[in-house]
Amino acid sequence: MAGVAVSTTINGDTVEFLCQPDETLLDVLRDRLGLTGAKEGCGTGDCGACSVILDDRLVCSCLVLGAETEGRRVETIEGMAHGDKLHPLQQKFLEHAALQCGICTPGFLIAAKDLLAKNPDPTEEEIRFGLAGNLCRCTGYDKIVRAVQDAAIVMKGA
Amino acid sequence: MNFDPRFSGRKFTSVGTRPIRPDGVDKVTGRARYGADFNMAGQLVGRVLRSPHAHARIVKIDTSKAEKLAGVKAVITAADLPDLTNGDAAMYDVLDNCMARTKALYDGHAVAAVAAVDARTARQALKLIEVEYELLPHVTDVDEAAKHSAPLINDAIFTEGLEEKPVKPSNVTKRSQFGHGDVHQGFGHADFIVERSFKTEQTHQGYIEPHACVANFSSDGTADLWVCTQGHFVYRQHCAQLLGMEASKLRVTSSEIGGGFGGKTHVWAEPVALALSRKAGRPVKLVMTRDEVFRASGPTSATSIDVKIGARKDGTITAAEATLRYSCGPYAGSWAEIGAMTAFACYKLDNVKTVGYEVLVNRPKTAAYRAPSAPMAAFAVESAVDELAKMIGMDPVDFRIRNAAQEGTRSSYGPVYGPIGIGPTLEAVKSHPHMKAPLGKNQGRGMACGFWFNFGGQTCTDLNIGMDGSVSLAVGTVDVGGSRASLSLVAAEELGIAYEQVKAIVADTSSLGYNDMTDGSRGTFSSSMATISAARNAIKILRERAAQMWDIAVDDVVWEKGHAIAKGEKHGNLGKLSLKEIAVESGKTGGPIAGHSELVADGAGVSFATHICDIEVDPETGATRVLRYTVVQDAGKAVHPTYVEGQYQGGAAQGIGWALNEEYIYGKDGRLQNPGFLDYRIPVCSDLPMIDTQILEIPNPNHPYGVRGVGETSIVPPLAAIANAVSNAAGVRMTHIPMSPPRILAAIEAEREWSK
């Protein structure tokens, strides 16, 4: 099968790649571009570990084709920190120990960033429903919710 | 080695603080490398062909078409993994589970595998492999499988542990029994007796990271394996044995691990990946799909348990008895045996008897899941205990306090307890504000206790002091949830330096001596013991070097707060030397400074927890909502309290999923109907409340800092605590886990029918 030439923007950089027409964005990121921060937990859009932001919309990159990103903007976990300065969500996840194994963490951070962009002052319930598309098996979500609450306070003050 | 592991009360400086974990930044920036995040030059993609049948004889496998497909570099079957287990029955089962030899024993059992240049080619190749099956009758239910009329899964198995050797083969592989006293007599003294049967369905550990590895078999007979595992040394041994290698020629590196909970203590795909790499002569990456994870890895036992408990009017239990049947998958296991040991471990009993039966079924081979086998037994026992308290008219907490095991109690599984936490957790629950909070309509409160043994085991640790005074700590227990932080704290504590001066890593199998797996809640317990021992060995050298620098006798040098101090008036003007000052000079005083430790960490203190939860039940639909949840557990000593809380919360959440939602659903055809996270629904963020925790610290006398394992016990009480809460809310005793809405509704309707 012939490859599709795609030109897109990933974390602010112009990126060009060839991919198969049936290849997911997740596979392109991980296998072609070396961006392994997005994880494949299920491949069916159920776990959220592959979350990325596509033109300001939170998506599971396992449910998007690589070819669909032509001319669009993709934000991944690799673009969340500015140099060595962590995003407040990243910092608060560390301080609250909102990760144990950490495999779901990139997806949670991306989903939480999207949530706070749309709702800078969420209630606990809004956080819980906003992050309900991301599975974590280690933490019971308690410390994740607290980290997001704390980050929201910091980001409002910024 | 003169290491004294006994507890000595001390004032802690680092231990008990809550610093950021050393692997944290990599994990929040996406840089941490998990099983599937590693690649090698020339790497192939491996894929496994799995049986669609629950039970079938493999008549013929024709791989010729797959082999001819362009881009396919190797195809293997059981013939490429010959039996080298030399009479080791358990290892033979591991081998057969990795690749079916004569029969496919469950839906998802591996029968062949390919390595190809890319995933698409590998998938195409699987479709070209022709397998001829002869279907056999199957059985997936634990009670059905135990019947004499059930289809036999392995006709060479005769039940062990019976008084007389049976004449017919059976799916029941073993009977085990524990207890003491005379239960018959004990029940004779009871004023009240509760007798109930319970069932729990099969669940999966549900780690978010599928099994993944990269195998590189070299033409010189050595190999490397990168893998997500809870025990890379054990994986090395098992893989080496199955592939006919010397262990030292296989170097296994544990990647970051994306959850295991017991499910990554067993090899499945790794020997297959190595065999593919050996045949193809190239590195092979093999990553399971989620469907494969559910169908072929994990799961727990499904169980069927009968409990009988009797008590006097004053609330004293006079006798307790349980019969426990646990499914093992198609291979022998000891899961019911563990259930039988843990069932009554919380209580002080004069007369107790438990009997376990291991049952073969056509389901995946049962694997450990966080305090394996204990949650199901606790569900049955703690439900019956609650019912008995109610019958007597006693508060369920008071009833448990009255019968709780204490220091000196002979446990139901044999040993006599040292200082333990069951009483203190119950007292803490009794006075907890949660117990006094008001409840609304259709709401119920439940509580339950749980026990886990904890484990110590073989441990090896290296502590190397750099010439800049920083400390590298190399441990061999895989970090599943923050242990590099806790072990760095321990090294800092013992050496008397700052946490930031220590960097802990998990070393590969060629860089450190053998370590048992991270299981049995042993990671922090055992590796902290080895770290303390290694640090003490390093301190001995630091003192020697200081003595040399000062030119005084080493016996005149003591180590305090990270410094060598010359003691005695004659050395009054020598001041002190910091660890760094000694390290800087090490090249001139005898070379590198290090402390090593190799030990068997005995004396892992047993662990107890008591949980409280409030549940609301919708009587119209049977739907439930967890309103409030509190965990009280003994940690011995919480090294990093935030991660201890995390273990408590995580275990509770997994237990909530098990109690209310999660179950393997098999069709009549013996195929798994829900191998995905959509249909096998684990709790999501909006399903749960905050999970409150209370850490108790009853020091373990067999650890220098009093540490006990904390990882597993938290999953033991939830099934029962939630069942008791649901039963109180719905007004009907729930006896079947998970308590999904249809099951709750059916129970409510049956109760309504009955009370008409």
# chains A, B, ... in the order shown; residues from 1 in each chain; ligands from 1
>>> closest_atom_pairs(of="chain B", to="chain A", cutoff="6 Å", atoms="only C-alpha atoms", output="Markdown table")
| residue | atom | partner | partner_atom | distance |
| --- | --- | --- | --- | --- |
| B:Lys27 | CA | A:Gly102 | CA | 5.8 |
| B:Val28 | CA | A:Gln90 | CA | 5.6 |
| B:Thr29 | CA | A:Glu78 | CA | 5.9 |
| B:Gly30 | CA | A:Gly37 | CA | 3.9 |
| B:Asp37 | CA | A:Thr36 | CA | 5.9 |
| B:Ile208 | CA | A:Gly41 | CA | 5.2 |
| B:Glu209 | CA | A:Gly41 | CA | 5.4 |
| B:Gly258 | CA | A:Ile103 | CA | 4.8 |
| B:Gly259 | CA | A:Cys101 | CA | 5.6 |
| B:Arg290 | CA | A:Cys42 | CA | 4.9 |
| B:Val480 | CA | A:Cys101 | CA | 5.7 |
| B:Gly481 | CA | A:Gln100 | CA | 4.2 |
| B:Gly646 | CA | A:Thr139 | CA | 5.7 |
| B:Gln649 | CA | A:Gly140 | CA | 5.4 |
| B:Gly650 | CA | A:Thr139 | CA | 4.4 |
| B:Ala653 | CA | A:Gly140 | CA | 4.9 |
| B:Phe677 | CA | A:Asp46 | CA | 5.9 |
| B:Leu678 | CA | A:Asp46 | CA | 5.9 |
| B:Val684 | CA | A:Ala132 | CA | 5.4 |
| B:Cys685 | CA | A:Arg128 | CA | 5.0 |
| B:Ser686 | CA | A:Arg128 | CA | 4.6 |
| B:Met690 | CA | A:Asp142 | CA | 5.1 |
>>> residues_around(residues="Arg73 (chain A)", least_positions_apart="5", cutoff="10 Å", atoms="only C-alpha atoms", output="PDB file with N, CA and C atoms, in the first residue's frame")
ATOM      1  N   THR A   8       1.920  18.315   9.154  1.00  0.00           N
ATOM      2  CA  THR A   8       1.105  18.713  10.305  1.00  0.00           C
ATOM      3  C   THR A   8       1.972  19.501  11.285  1.00  0.00           C
ATOM      4  N   THR A   9       1.352  19.988  12.338  1.00  0.00           N
ATOM      5  CA  THR A   9       2.106  20.706  13.371  1.00  0.00           C
ATOM      6  C   THR A   9       2.001  19.920  14.668  1.00  0.00           C
ATOM      7  N   ILE A  10       3.129  19.556  15.206  1.00  0.00           N
ATOM      8  CA  ILE A  10       3.121  18.805  16.464  1.00  0.00           C
ATOM      9  C   ILE A  10       3.914  19.589  17.505  1.00  0.00           C
ATOM     10  N   ASN A  11       3.245  19.941  18.568  1.00  0.00           N
ATOM     11  CA  ASN A  11       3.848  20.733  19.645  1.00  0.00           C
ATOM     12  C   ASN A  11       4.526  21.988  19.100  1.00  0.00           C
ATOM     13  N   GLY A  12       3.889  22.586  18.115  1.00  0.00           N
ATOM     14  CA  GLY A  12       4.375  23.847  17.569  1.00  0.00           C
ATOM     15  C   GLY A  12       5.367  23.698  16.427  1.00  0.00           C
ATOM     16  N   ASP A  13       5.867  22.508  16.203  1.00  0.00           N
ATOM     17  CA  ASP A  13       6.838  22.303  15.127  1.00  0.00           C
ATOM     18  C   ASP A  13       6.150  21.703  13.906  1.00  0.00           C
ATOM     19  N   THR A  14       6.566  22.152  12.718  1.00  0.00           N
ATOM     20  CA  THR A  14       6.066  21.531  11.497  1.00  0.00           C
ATOM     21  C   THR A  14       6.715  20.157  11.354  1.00  0.00           C
ATOM     22  N   ILE A  53      -4.236  16.407  22.102  1.00  0.00           N
ATOM     23  CA  ILE A  53      -5.169  17.480  21.745  1.00  0.00           C
ATOM     24  C   ILE A  53      -4.986  17.777  20.257  1.00  0.00           C
ATOM     25  N   LEU A  54      -6.089  17.679  19.519  1.00  0.00           N
ATOM     26  CA  LEU A  54      -6.071  17.884  18.074  1.00  0.00           C
ATOM     27  C   LEU A  54      -6.928  19.113  17.785  1.00  0.00           C
ATOM     28  N   ASP A  55      -6.274  20.185  17.379  1.00  0.00           N
ATOM     29  CA  ASP A  55      -6.997  21.448  17.134  1.00  0.00           C
ATOM     30  C   ASP A  55      -7.923  21.801  18.302  1.00  0.00           C
ATOM     31  N   ASP A  56      -7.377  21.842  19.494  1.00  0.00           N
ATOM     32  CA  ASP A  56      -8.120  22.233  20.705  1.00  0.00           C
ATOM     33  C   ASP A  56      -9.177  21.207  21.133  1.00  0.00           C
ATOM     34  N   ARG A  57      -9.156  20.019  20.559  1.00  0.00           N
ATOM     35  CA  ARG A  57     -10.120  19.009  20.964  1.00  0.00           C
ATOM     36  C   ARG A  57      -9.380  17.790  21.513  1.00  0.00           C
TER      37      ARG A  57
END
>>> atom_distance(atom1="CA of Asp519 (chain B)", atom2="CA of Thr354 (chain B)")
24.9 Å
>>> residues_around(residues="Gln633 (chain B)", least_positions_apart="5", cutoff="6 Å", atoms="only C-alpha atoms", output="MDAnalysis selection string")
chainID B and resid 609 695:696
>>> write_last_selection(atoms="C-alpha atoms", output="compact mmCIF listing (two decimals), in the first residue's frame")
# COMPACT_ATOMS: atom_id res chain seq x y z
CA ALA B 609 -6.72 -3.45 57.68
CA ILE B 695 -2.09 4.98 58.66
CA LEU B 696 -1.41 3.10 61.89
>>> select_by_dssp(residues="region 46-121 of chain B", states="alpha helix (DSSP H)", output="VMD selection string")
chain B and resid 64 to 68 89 to 98 119 to 121
>>> write_last_selection(atoms="C-alpha atoms", output="compact mmCIF listing (two decimals), in the first residue's frame")
# COMPACT_ATOMS: atom_id res chain seq x y z
CA SER B 64 3.89 -23.05 5.24
CA LYS B 65 1.74 -20.31 3.69
CA ALA B 66 2.65 -17.85 6.43
CA GLU B 67 6.33 -18.61 6.01
CA LYS B 68 6.12 -17.80 2.30
CA ALA B 89 5.80 -30.03 36.44
CA ALA B 90 5.23 -26.37 37.32
CA MET B 91 7.66 -25.22 34.63
CA TYR B 92 6.07 -27.58 32.12
CA ASP B 93 2.77 -25.83 32.80
CA VAL B 94 4.46 -22.46 32.22
CA LEU B 95 5.84 -23.75 28.92
CA ASP B 96 2.49 -25.19 27.82
CA ASN B 97 0.78 -21.93 28.75
CA CYS B 98 3.27 -19.94 26.66
CA ALA B 119 2.63 -5.21 12.23
CA ARG B 120 0.49 -5.41 9.12
CA THR B 121 2.57 -8.26 7.66
>>> closest_residue(among="B:Cys613, B:Ala145, B:Val397, B:Met245", to="Asn362 (chain B)", atoms="only C-alpha atoms")
B:Ala145
>>> residues_around(residues="region 735-738 of chain B", least_positions_apart="2", cutoff="9 Å", atoms="only C-alpha atoms", output="list in words")
Arg196, Ser197, Phe198, Lys199, Thr200, Glu201, Met376, Phe379, Ala380, Ser383, Gly657, Trp658, Ala659, Leu660, Asn661, Glu662, Glu663, Leu719, Ala723, Arg733, Ser740 and Arg743 of chain B
